[in-house]
file query-v6.cif (mmCIF, C-alpha atoms and all ligand atoms)
data_data
#
loop_
_atom_site.group_PDB
_atom_site.id
_atom_site.type_symbol
_atom_site.label_atom_id
_atom_site.label_comp_id
_atom_site.auth_asym_id
_atom_site.auth_seq_id
_atom_site.Cartn_x
_atom_site.Cartn_y
_atom_site.Cartn_z
ATOM 1 C CA MET A 1 3.879 -30.277 -13.948
ATOM 2 C CA THR A 2 3.404 -29.259 -17.572
ATOM 3 C CA PRO A 3 6.367 -29.280 -19.989
ATOM 4 C CA GLN A 4 6.069 -25.481 -20.212
ATOM 5 C CA ARG A 5 6.412 -25.097 -16.464
ATOM 6 C CA ARG A 6 9.330 -27.486 -16.415
ATOM 7 C CA ALA A 7 11.097 -25.592 -19.228
ATOM 8 C CA ILE A 8 10.640 -22.239 -17.475
ATOM 9 C CA ILE A 9 11.882 -23.594 -14.149
ATOM 10 C CA GLN A 10 14.873 -25.115 -15.921
ATOM 11 C CA VAL A 11 15.737 -21.729 -17.469
ATOM 12 C CA LEU A 12 15.462 -20.053 -14.070
ATOM 13 C CA LEU A 13 17.617 -22.674 -12.382
ATOM 14 C CA GLU A 14 20.274 -22.231 -15.057
ATOM 15 C CA SER A 15 20.212 -18.475 -14.598
ATOM 16 C CA ALA A 16 19.978 -18.612 -10.795
ATOM 17 C CA GLY A 17 21.089 -15.340 -9.288
ATOM 18 C CA SER A 18 20.625 -13.301 -12.442
ATOM 19 C CA HIS A 19 16.941 -12.461 -11.911
ATOM 20 C CA PRO A 20 15.825 -12.432 -15.556
ATOM 21 C CA THR A 21 12.899 -10.450 -16.924
ATOM 22 C CA ALA A 22 9.906 -12.223 -18.480
ATOM 23 C CA GLU A 23 11.264 -11.273 -21.892
ATOM 24 C CA GLN A 24 14.654 -12.843 -21.180
ATOM 25 C CA ILE A 25 12.943 -15.992 -19.912
ATOM 26 C CA PHE A 26 10.794 -16.111 -23.049
ATOM 27 C CA THR A 27 13.867 -15.864 -25.297
ATOM 28 C CA ARG A 28 15.621 -18.696 -23.469
ATOM 29 C CA VAL A 29 12.577 -20.976 -23.239
ATOM 30 C CA ARG A 30 12.030 -20.553 -26.965
ATOM 31 C CA ASP A 31 15.453 -22.099 -27.592
ATOM 32 C CA VAL A 32 14.166 -25.386 -26.152
ATOM 33 C CA MET A 33 10.479 -24.987 -27.105
ATOM 34 C CA PRO A 34 10.384 -23.056 -30.391
ATOM 35 C CA ASP A 35 6.569 -23.184 -30.542
ATOM 36 C CA ILE A 36 5.933 -21.609 -27.159
ATOM 37 C CA SER A 37 4.047 -18.314 -27.270
ATOM 38 C CA HIS A 38 4.657 -15.118 -25.395
ATOM 39 C CA ALA A 39 1.285 -15.482 -23.657
ATOM 40 C CA THR A 40 2.065 -19.015 -22.492
ATOM 41 C CA VAL A 41 5.333 -17.908 -20.918
ATOM 42 C CA TYR A 42 3.697 -14.944 -19.181
ATOM 43 C CA ASN A 43 0.753 -17.028 -17.948
ATOM 44 C CA THR A 44 3.022 -19.810 -16.736
ATOM 45 C CA LEU A 45 5.186 -17.314 -14.867
ATOM 46 C CA HIS A 46 2.070 -16.033 -13.134
ATOM 47 C CA GLU A 47 1.001 -19.550 -12.201
ATOM 48 C CA LEU A 48 4.423 -20.327 -10.761
ATOM 49 C CA VAL A 49 4.328 -17.115 -8.727
ATOM 50 C CA GLU A 50 0.868 -18.032 -7.389
ATOM 51 C CA MET A 51 2.118 -21.502 -6.499
ATOM 52 C CA GLY A 52 4.974 -19.942 -4.555
ATOM 53 C CA THR A 53 7.611 -21.592 -6.756
ATOM 54 C CA LEU A 54 8.848 -18.258 -8.051
ATOM 55 C CA LEU A 55 9.166 -14.760 -6.686
ATOM 56 C CA GLU A 56 8.078 -11.839 -8.805
ATOM 57 C CA LEU A 57 10.275 -8.906 -7.911
ATOM 58 C CA ASN A 58 9.338 -5.336 -8.379
ATOM 59 C CA LEU A 59 12.687 -3.732 -7.818
ATOM 60 C CA GLY A 60 11.693 -0.285 -8.948
ATOM 61 C CA MET A 61 13.092 -1.024 -12.374
ATOM 62 C CA ARG A 62 11.330 -0.897 -15.723
ATOM 63 C CA GLU A 63 10.507 -4.599 -15.779
ATOM 64 C CA GLN A 64 9.641 -7.167 -13.158
ATOM 65 C CA ARG A 65 12.355 -9.686 -12.413
ATOM 66 C CA TYR A 66 11.816 -13.341 -11.579
ATOM 67 C CA ASP A 67 13.633 -15.204 -8.854
ATOM 68 C CA ILE A 68 13.752 -18.962 -8.306
ATOM 69 C CA ASN A 69 15.314 -18.377 -4.887
ATOM 70 C CA THR A 70 12.288 -18.176 -2.592
ATOM 71 C CA THR A 71 14.282 -18.326 0.635
ATOM 72 C CA ASP A 72 14.723 -15.205 2.760
ATOM 73 C CA HIS A 73 17.156 -12.907 1.049
ATOM 74 C CA ALA A 74 17.673 -9.280 0.168
ATOM 75 C CA HIS A 75 18.770 -7.761 -3.137
ATOM 76 C CA LEU A 76 21.621 -5.528 -4.143
ATOM 77 C CA ILE A 77 20.826 -3.546 -7.267
ATOM 78 C CA CYS A 78 23.232 -1.624 -9.456
ATOM 79 C CA LEU A 79 21.730 1.671 -10.577
ATOM 80 C CA GLY A 80 24.223 1.758 -13.426
ATOM 81 C CA CYS A 81 23.811 -1.554 -15.241
ATOM 82 C CA GLY A 82 20.789 -3.091 -13.521
ATOM 83 C CA ARG A 83 22.713 -6.042 -12.154
ATOM 84 C CA VAL A 84 20.866 -7.788 -9.308
ATOM 85 C CA GLU A 85 22.662 -9.814 -6.644
ATOM 86 C CA ASP A 86 21.225 -11.972 -3.890
ATOM 87 C CA VAL A 87 22.466 -11.194 -0.417
ATOM 88 C CA PRO A 88 21.716 -13.234 2.688
ATOM 89 C CA TYR A 89 19.317 -11.451 4.928
ATOM 90 C CA ASP A 90 17.387 -12.487 7.953
ATOM 91 C CA SER A 91 13.971 -10.859 7.701
ATOM 92 C CA GLU A 92 13.274 -11.755 11.305
ATOM 93 C CA ALA A 93 16.035 -9.360 12.280
ATOM 94 C CA LEU A 94 13.845 -6.514 11.047
ATOM 95 C CA THR A 95 10.744 -6.594 13.153
ATOM 96 C CA LEU A 96 8.117 -4.030 13.942
ATOM 97 C CA SER A 97 7.165 -3.501 17.501
ATOM 98 C CA PRO A 98 3.451 -4.191 18.110
ATOM 99 C CA GLU A 99 2.595 -0.485 18.355
ATOM 100 C CA HIS A 100 4.020 0.088 14.865
ATOM 101 C CA THR A 101 2.180 -2.633 12.978
ATOM 102 C CA HIS A 102 -1.105 -0.677 13.039
ATOM 103 C CA GLY A 103 -2.929 -3.945 13.538
ATOM 104 C CA PHE A 104 -1.406 -5.460 10.396
ATOM 105 C CA GLN A 105 -0.474 -9.087 10.272
ATOM 106 C CA VAL A 106 2.850 -8.681 8.463
ATOM 107 C CA VAL A 107 3.600 -11.571 6.119
ATOM 108 C CA ASP A 108 6.426 -10.252 4.006
ATOM 109 C CA CYS A 109 9.244 -7.760 4.065
ATOM 110 C CA ARG A 110 11.378 -6.866 1.050
ATOM 111 C CA VAL A 111 14.778 -5.337 1.471
ATOM 112 C CA ILE A 112 16.601 -3.711 -1.448
ATOM 113 C CA PHE A 113 20.039 -2.135 -1.318
ATOM 114 C CA ARG A 114 20.756 0.211 -4.225
ATOM 115 C CA GLY A 115 24.123 1.401 -5.393
ATOM 116 C CA TYR A 116 26.822 0.855 -7.989
ATOM 117 C CA CYS A 117 28.587 -2.412 -8.694
ATOM 118 C CA PRO A 118 32.418 -2.350 -8.809
ATOM 119 C CA ALA A 119 32.460 -2.080 -12.624
ATOM 120 C CA CYS A 120 30.006 0.831 -12.693
ATOM 121 C CA ALA A 121 31.666 2.558 -9.739
ATOM 122 C CA SER A 122 35.078 2.489 -11.413
ATOM 123 C CA GLN A 123 33.605 3.660 -14.712
ATOM 124 C CA GLU A 124 31.995 6.560 -12.905
ATOM 125 C CA ARG A 125 35.297 7.476 -11.288
ATOM 126 C CA HIS A 126 37.000 7.254 -14.657
ATOM 127 C CA LEU A 127 34.411 9.523 -16.294
ATOM 128 C CA ARG A 128 34.670 12.045 -13.532
ATOM 129 C CA SER A 129 38.476 12.191 -13.625
ATOM 130 C CA SER A 130 38.598 12.530 -17.427
ATOM 131 C CA GLY A 131 35.673 14.826 -17.792
HETATM 132 ZN ZN ZN A 201 26.727 -1.986 -12.530
HETATM 133 ZN ZN ZN A 202 16.979 -12.946 -5.476
#

call {"tool": "encode", "arguments": {"input": "query-v6.cif", "output": "C-alpha cells", "more": "lines below"}}
Ligand SMILES: [Zn+2]
Ligand SMILES: [Zn+2]
result
Amino acid sequence: MTPQRRAIIQVLLESAGSHPTAEQIFTRVRDVMPDISHATVYNTLHELVEMGTLLELNLGMREQRYDINTTDHAHLICLGCGRVEDVPYDSEALTLSPEHTHGFQVVDCRVIFRGYCPACASQERHLRSSG
C-alpha cells in the first residue's frame, strides 16, 4: 500500500456516503500531501477501482463519482443539487429469468433512483407558488 493510496482511501473513508468526484478527492488529498499531482490521484483512483477497493460510478452526471462502499447498494440521486445517497438494496432480488439473459453471465447490476431531495423539492414548490 503506497502512501498515495492510503491518503486517497483515508479521504474516501472520511467522506463516506458523499460520493466525491476525482477533482474533489484531489483537492482533499492535496491538503495532506501538497506535492501530489493530478495524474497521480487519477492513476491511483484507477488502480483502486481495478483492485476492487473502490467503485467508479457513472451516475449519468457530468463527472464520475467514487464510492468506498463496495457492498451491494443502490443510489438515490437528486436531479436538483446532485446529492447522492446510498440506499440498501439486494441485487439478488432483481434477477433475470434464464430466457432473458441472452446467454449472458450477469456479474453486476446497478440500480439508480432519480428524483429531488427534500431541500430541492421544497425549493421547487416555493418557486412554483411564487412564480
Ligand atoms: Zn437536491
Ligand atoms: Zn454508494

call {"tool": "resolve_selection", "arguments": {"input": "query-v6.cif", "expression": "the PyMOL selection byres (((not hetatm)) within 7 of (chain A and resi 201))", "output": "ChimeraX atom specification"}}
result
/A:78-83,116-120

call {"tool": "write_last_selection", "arguments": {"input": "query-v6.cif", "atoms": "C-alpha atoms", "output": "PDB file, in the frame of the given file"}}
result
ATOM      1  CA  CYS A  78      23.232  -1.624  -9.456  1.00  0.00           C
ATOM      2  CA  LEU A  79      21.730   1.671 -10.577  1.00  0.00           C
ATOM      3  CA  GLY A  80      24.223   1.758 -13.426  1.00  0.00           C
ATOM      4  CA  CYS A  81      23.811  -1.554 -15.241  1.00  0.00           C
ATOM      5  CA  GLY A  82      20.789  -3.091 -13.521  1.00  0.00           C
ATOM      6  CA  ARG A  83      22.713  -6.042 -12.154  1.00  0.00           C
ATOM      7  CA  TYR A 116      26.822   0.855  -7.989  1.00  0.00           C
ATOM      8  CA  CYS A 117      28.587  -2.412  -8.694  1.00  0.00           C
ATOM      9  CA  PRO A 118      32.418  -2.350  -8.809  1.00  0.00           C
ATOM     10  CA  ALA A 119      32.460  -2.080 -12.624  1.00  0.00           C
ATOM     11  CA  CYS A 120      30.006   0.831 -12.693  1.00  0.00           C
TER      12      CYS A 120
END

call {"tool": "atom_distance", "arguments": {"input": "query-v6.cif", "atom1": "atom CA of A:Leu59", "atom2": "atom CA of A:Gly103"}}
result
26.5 Å

call {"tool": "closest_residue", "arguments": {"input": "query-v6.cif", "among": "A:Tyr42, A:Thr101, A:Pro20, A:Glu50", "to": "ligand ZN 202 (chain A)", "atoms": "only C-alpha atoms and all ligand atoms"}}
result
A:Pro20

call {"tool": "closest_residue", "arguments": {"input": "query-v6.cif", "among": "A:Gly60, A:Pro3, A:Gly17, A:Pro34", "to": "A:Arg114", "atoms": "only C-alpha atoms"}}
result
A:Gly60

call {"tool": "closest_residue", "arguments": {"input": "query-v6.cif", "among": "A:Leu48, A:Ala93, A:Ile68, A:Met33", "to": "ligand ZN 202 (chain A)", "atoms": "all atoms listed in the file"}}
result
A:Ile68

call {"tool": "residues_near_ligand", "arguments": {"input": "query-v6.cif", "ligand": "ligand ZN 202 (chain A)", "cutoff": "9 Å", "atoms": "all atoms listed in the file", "output": "ChimeraX atom specification"}}
result
/A:16-19,55,57,65-76,84-87

call {"tool": "residues_around", "arguments": {"input": "query-v6.cif", "residues": "A:Leu45", "least_positions_apart": "5", "cutoff": "9 Å", "atoms": "all atoms listed in the file", "output": "list in words"}}
result
Arg5, Ile8, Ala22, Thr40, Glu50, Leu54, Glu56 and Tyr66 of chain A

call {"tool": "atom_distance", "arguments": {"input": "query-v6.cif", "atom1": "atom CA of A:Pro88", "atom2": "atom CA of A:Gln64"}}
result
20.8 Å

call {"tool": "axis_aligned_box", "arguments": {"input": "query-v6.cif", "around": "stretch 48-66 of chain A", "padding_each_side": "3 Å", "output": "JSON"}}
result
{"center_x": 7.0, "center_y": -10.9, "center_z": -10.2, "size_x": 18.2, "size_y": 27.3, "size_z": 17.2}

call {"tool": "closest_residue", "arguments": {"input": "query-v6.cif", "among": "A:Glu23, A:Glu47, A:Asp90, A:Asp31", "to": "A:Thr2", "atoms": "only C-alpha atoms"}}
result
A:Glu47

call {"tool": "closest_residue", "arguments": {"input": "query-v6.cif", "among": "A:Asp108, A:Phe113, A:Glu14, A:Ile25", "to": "A:Thr95", "atoms": "all atoms listed in the file"}}
result
A:Asp108

call {"tool": "atom_distance", "arguments": {"input": "query-v6.cif", "atom1": "atom CA of A:Pro98", "atom2": "atom CA of A:Asn58"}}
result
27.2 Å

call {"tool": "closest_residue", "arguments": {"input": "query-v6.cif", "among": "A:Val41, A:Met61, A:Arg110, A:Asp35", "to": "A:Val11", "atoms": "only C-alpha atoms"}}
result
A:Val41

call {"tool": "decode", "arguments": {"input": "query-v6.cif", "residues": "stretch 58-74 of chain A", "atoms": "all heavy atoms", "output": "mmCIF file, in the first residue's frame"}}
result
data_model
loop_
_atom_site.group_PDB
_atom_site.id
_atom_site.type_symbol
_atom_site.label_atom_id
_atom_site.label_comp_id
_atom_site.auth_asym_id
_atom_site.auth_seq_id
_atom_site.Cartn_x
_atom_site.Cartn_y
_atom_site.Cartn_z
ATOM 1 N N ASN A 58 -20.787 5.700 -12.672
ATOM 2 C CA ASN A 58 -21.239 6.576 -13.729
ATOM 3 C C ASN A 58 -22.734 6.739 -13.514
ATOM 4 O O ASN A 58 -23.514 5.869 -13.839
ATOM 5 C CB ASN A 58 -20.939 5.946 -15.094
ATOM 6 C CG ASN A 58 -21.200 6.935 -16.207
ATOM 7 O OD1 ASN A 58 -21.962 7.884 -16.032
ATOM 8 N ND2 ASN A 58 -20.576 6.723 -17.331
ATOM 9 N N LEU A 59 -23.094 7.843 -12.912
ATOM 10 C CA LEU A 59 -24.475 8.033 -12.499
ATOM 11 C C LEU A 59 -25.251 8.883 -13.499
ATOM 12 O O LEU A 59 -26.301 9.411 -13.193
ATOM 13 C CB LEU A 59 -24.517 8.688 -11.112
ATOM 14 C CG LEU A 59 -23.839 7.886 -9.996
ATOM 15 C CD1 LEU A 59 -23.796 8.684 -8.709
ATOM 16 C CD2 LEU A 59 -24.542 6.564 -9.748
ATOM 17 N N GLY A 60 -24.692 9.021 -14.680
ATOM 18 C CA GLY A 60 -25.356 9.836 -15.680
ATOM 19 C C GLY A 60 -25.164 11.322 -15.408
ATOM 20 O O GLY A 60 -25.904 12.158 -15.901
ATOM 21 N N MET A 61 -24.180 11.624 -14.569
ATOM 22 C CA MET A 61 -23.879 13.010 -14.269
ATOM 23 C C MET A 61 -22.606 13.388 -15.015
ATOM 24 O O MET A 61 -21.955 12.553 -15.605
ATOM 25 C CB MET A 61 -23.707 13.190 -12.768
ATOM 26 C CG MET A 61 -24.983 12.856 -12.019
ATOM 27 S SD MET A 61 -24.662 12.423 -10.339
ATOM 28 C CE MET A 61 -25.184 13.900 -9.539
ATOM 29 N N ARG A 62 -22.250 14.666 -14.941
ATOM 30 C CA ARG A 62 -21.110 15.163 -15.694
ATOM 31 C C ARG A 62 -19.819 14.418 -15.350
ATOM 32 O O ARG A 62 -19.042 14.086 -16.222
ATOM 33 C CB ARG A 62 -20.951 16.664 -15.408
ATOM 34 C CG ARG A 62 -20.306 17.454 -16.487
ATOM 35 C CD ARG A 62 -20.743 18.924 -16.419
ATOM 36 N NE ARG A 62 -20.905 19.390 -15.053
ATOM 37 C CZ ARG A 62 -19.906 19.863 -14.327
ATOM 38 N NH1 ARG A 62 -18.711 19.969 -14.816
ATOM 39 N NH2 ARG A 62 -20.123 20.258 -13.085
ATOM 40 N N GLU A 63 -19.615 14.170 -14.059
ATOM 41 C CA GLU A 63 -18.366 13.534 -13.643
ATOM 42 C C GLU A 63 -18.623 12.201 -12.952
ATOM 43 O O GLU A 63 -19.656 12.014 -12.335
ATOM 44 C CB GLU A 63 -17.624 14.455 -12.667
ATOM 45 C CG GLU A 63 -17.087 15.701 -13.311
ATOM 46 C CD GLU A 63 -16.470 16.613 -12.272
ATOM 47 O OE1 GLU A 63 -17.215 17.338 -11.615
ATOM 48 O OE2 GLU A 63 -15.244 16.584 -12.120
ATOM 49 N N GLN A 64 -17.647 11.317 -13.059
ATOM 50 C CA GLN A 64 -17.729 10.050 -12.352
ATOM 51 C C GLN A 64 -17.642 10.333 -10.856
ATOM 52 O O GLN A 64 -16.956 11.239 -10.434
ATOM 53 C CB GLN A 64 -16.527 9.161 -12.694
ATOM 54 C CG GLN A 64 -16.256 9.029 -14.157
ATOM 55 C CD GLN A 64 -16.878 7.769 -14.684
ATOM 56 O OE1 GLN A 64 -18.058 7.547 -14.499
ATOM 57 N NE2 GLN A 64 -16.101 6.955 -15.337
ATOM 58 N N ARG A 65 -18.296 9.494 -10.081
ATOM 59 C CA ARG A 65 -18.208 9.598 -8.632
ATOM 60 C C ARG A 65 -17.496 8.354 -8.125
ATOM 61 O O ARG A 65 -17.562 7.303 -8.750
ATOM 62 C CB ARG A 65 -19.613 9.672 -8.004
ATOM 63 C CG ARG A 65 -20.468 10.804 -8.531
ATOM 64 C CD ARG A 65 -19.881 12.147 -8.163
ATOM 65 N NE ARG A 65 -20.870 13.201 -8.341
ATOM 66 C CZ ARG A 65 -21.570 13.721 -7.338
ATOM 67 N NH1 ARG A 65 -21.411 13.295 -6.101
ATOM 68 N NH2 ARG A 65 -22.432 14.675 -7.571
ATOM 69 N N TYR A 66 -16.842 8.491 -6.978
ATOM 70 C CA TYR A 66 -16.142 7.352 -6.390
ATOM 71 C C TYR A 66 -16.786 6.961 -5.073
ATOM 72 O O TYR A 66 -17.220 7.818 -4.304
ATOM 73 C CB TYR A 66 -14.655 7.677 -6.232
ATOM 74 C CG TYR A 66 -13.998 7.752 -7.587
ATOM 75 C CD1 TYR A 66 -13.973 8.951 -8.289
ATOM 76 C CD2 TYR A 66 -13.486 6.612 -8.191
ATOM 77 C CE1 TYR A 66 -13.434 9.018 -9.565
ATOM 78 C CE2 TYR A 66 -12.943 6.671 -9.460
ATOM 79 C CZ TYR A 66 -12.920 7.874 -10.142
ATOM 80 O OH TYR A 66 -12.407 7.937 -11.404
ATOM 81 N N ASP A 67 -16.830 5.670 -4.844
ATOM 82 C CA ASP A 67 -17.559 5.114 -3.711
ATOM 83 C C ASP A 67 -16.683 4.075 -3.014
ATOM 84 O O ASP A 67 -16.223 3.125 -3.649
ATOM 85 C CB ASP A 67 -18.844 4.465 -4.260
ATOM 86 C CG ASP A 67 -19.868 4.214 -3.176
ATOM 87 O OD1 ASP A 67 -19.516 4.333 -1.993
ATOM 88 O OD2 ASP A 67 -21.016 3.891 -3.534
ATOM 89 N N ILE A 68 -16.470 4.278 -1.714
ATOM 90 C CA ILE A 68 -15.663 3.335 -0.941
ATOM 91 C C ILE A 68 -16.539 2.163 -0.473
ATOM 92 O O ILE A 68 -16.046 1.131 -0.050
ATOM 93 C CB ILE A 68 -14.985 4.061 0.261
ATOM 94 C CG1 ILE A 68 -13.917 3.208 0.939
ATOM 95 C CG2 ILE A 68 -16.000 4.527 1.293
ATOM 96 C CD1 ILE A 68 -12.571 3.246 0.296
ATOM 97 N N ASN A 69 -17.842 2.331 -0.578
ATOM 98 C CA ASN A 69 -18.781 1.301 -0.161
ATOM 99 C C ASN A 69 -18.992 0.325 -1.319
ATOM 100 O O ASN A 69 -19.728 0.604 -2.249
ATOM 101 C CB ASN A 69 -20.101 1.978 0.242
ATOM 102 C CG ASN A 69 -21.149 0.972 0.705
ATOM 103 O OD1 ASN A 69 -20.909 -0.237 0.731
ATOM 104 N ND2 ASN A 69 -22.303 1.474 1.072
ATOM 105 N N THR A 70 -18.295 -0.821 -1.251
ATOM 106 C CA THR A 70 -18.368 -1.770 -2.365
ATOM 107 C C THR A 70 -19.389 -2.875 -2.109
ATOM 108 O O THR A 70 -19.475 -3.825 -2.870
ATOM 109 C CB THR A 70 -16.984 -2.404 -2.652
ATOM 110 O OG1 THR A 70 -16.512 -3.028 -1.458
ATOM 111 C CG2 THR A 70 -15.989 -1.365 -3.118
ATOM 112 N N THR A 71 -20.149 -2.739 -1.018
ATOM 113 C CA THR A 71 -21.193 -3.737 -0.765
ATOM 114 C C THR A 71 -22.387 -3.432 -1.676
ATOM 115 O O THR A 71 -22.465 -2.349 -2.252
ATOM 116 C CB THR A 71 -21.656 -3.697 0.704
ATOM 117 O OG1 THR A 71 -22.195 -2.404 0.962
ATOM 118 C CG2 THR A 71 -20.505 -3.973 1.653
ATOM 119 N N ASP A 72 -23.287 -4.390 -1.784
ATOM 120 C CA ASP A 72 -24.481 -4.212 -2.613
ATOM 121 C C ASP A 72 -25.305 -3.033 -2.120
ATOM 122 O O ASP A 72 -25.789 -3.041 -1.006
ATOM 123 C CB ASP A 72 -25.361 -5.476 -2.486
ATOM 124 C CG ASP A 72 -25.203 -6.372 -3.681
ATOM 125 O OD1 ASP A 72 -24.420 -6.022 -4.582
ATOM 126 O OD2 ASP A 72 -25.878 -7.414 -3.705
ATOM 127 N N HIS A 73 -25.437 -2.024 -2.936
ATOM 128 C CA HIS A 73 -26.369 -0.961 -2.584
ATOM 129 C C HIS A 73 -26.787 -0.204 -3.834
ATOM 130 O O HIS A 73 -26.141 -0.283 -4.865
ATOM 131 C CB HIS A 73 -25.792 -0.029 -1.515
ATOM 132 C CG HIS A 73 -24.601 0.780 -1.947
ATOM 133 N ND1 HIS A 73 -23.342 0.259 -2.084
ATOM 134 C CD2 HIS A 73 -24.488 2.086 -2.255
ATOM 135 C CE1 HIS A 73 -22.511 1.216 -2.457
ATOM 136 N NE2 HIS A 73 -23.170 2.346 -2.575
ATOM 137 N N ALA A 74 -27.892 0.497 -3.716
ATOM 138 C CA ALA A 74 -28.379 1.306 -4.824
ATOM 139 C C ALA A 74 -28.130 2.768 -4.491
ATOM 140 O O ALA A 74 -27.696 3.096 -3.375
ATOM 141 C CB ALA A 74 -29.870 1.055 -5.024
#
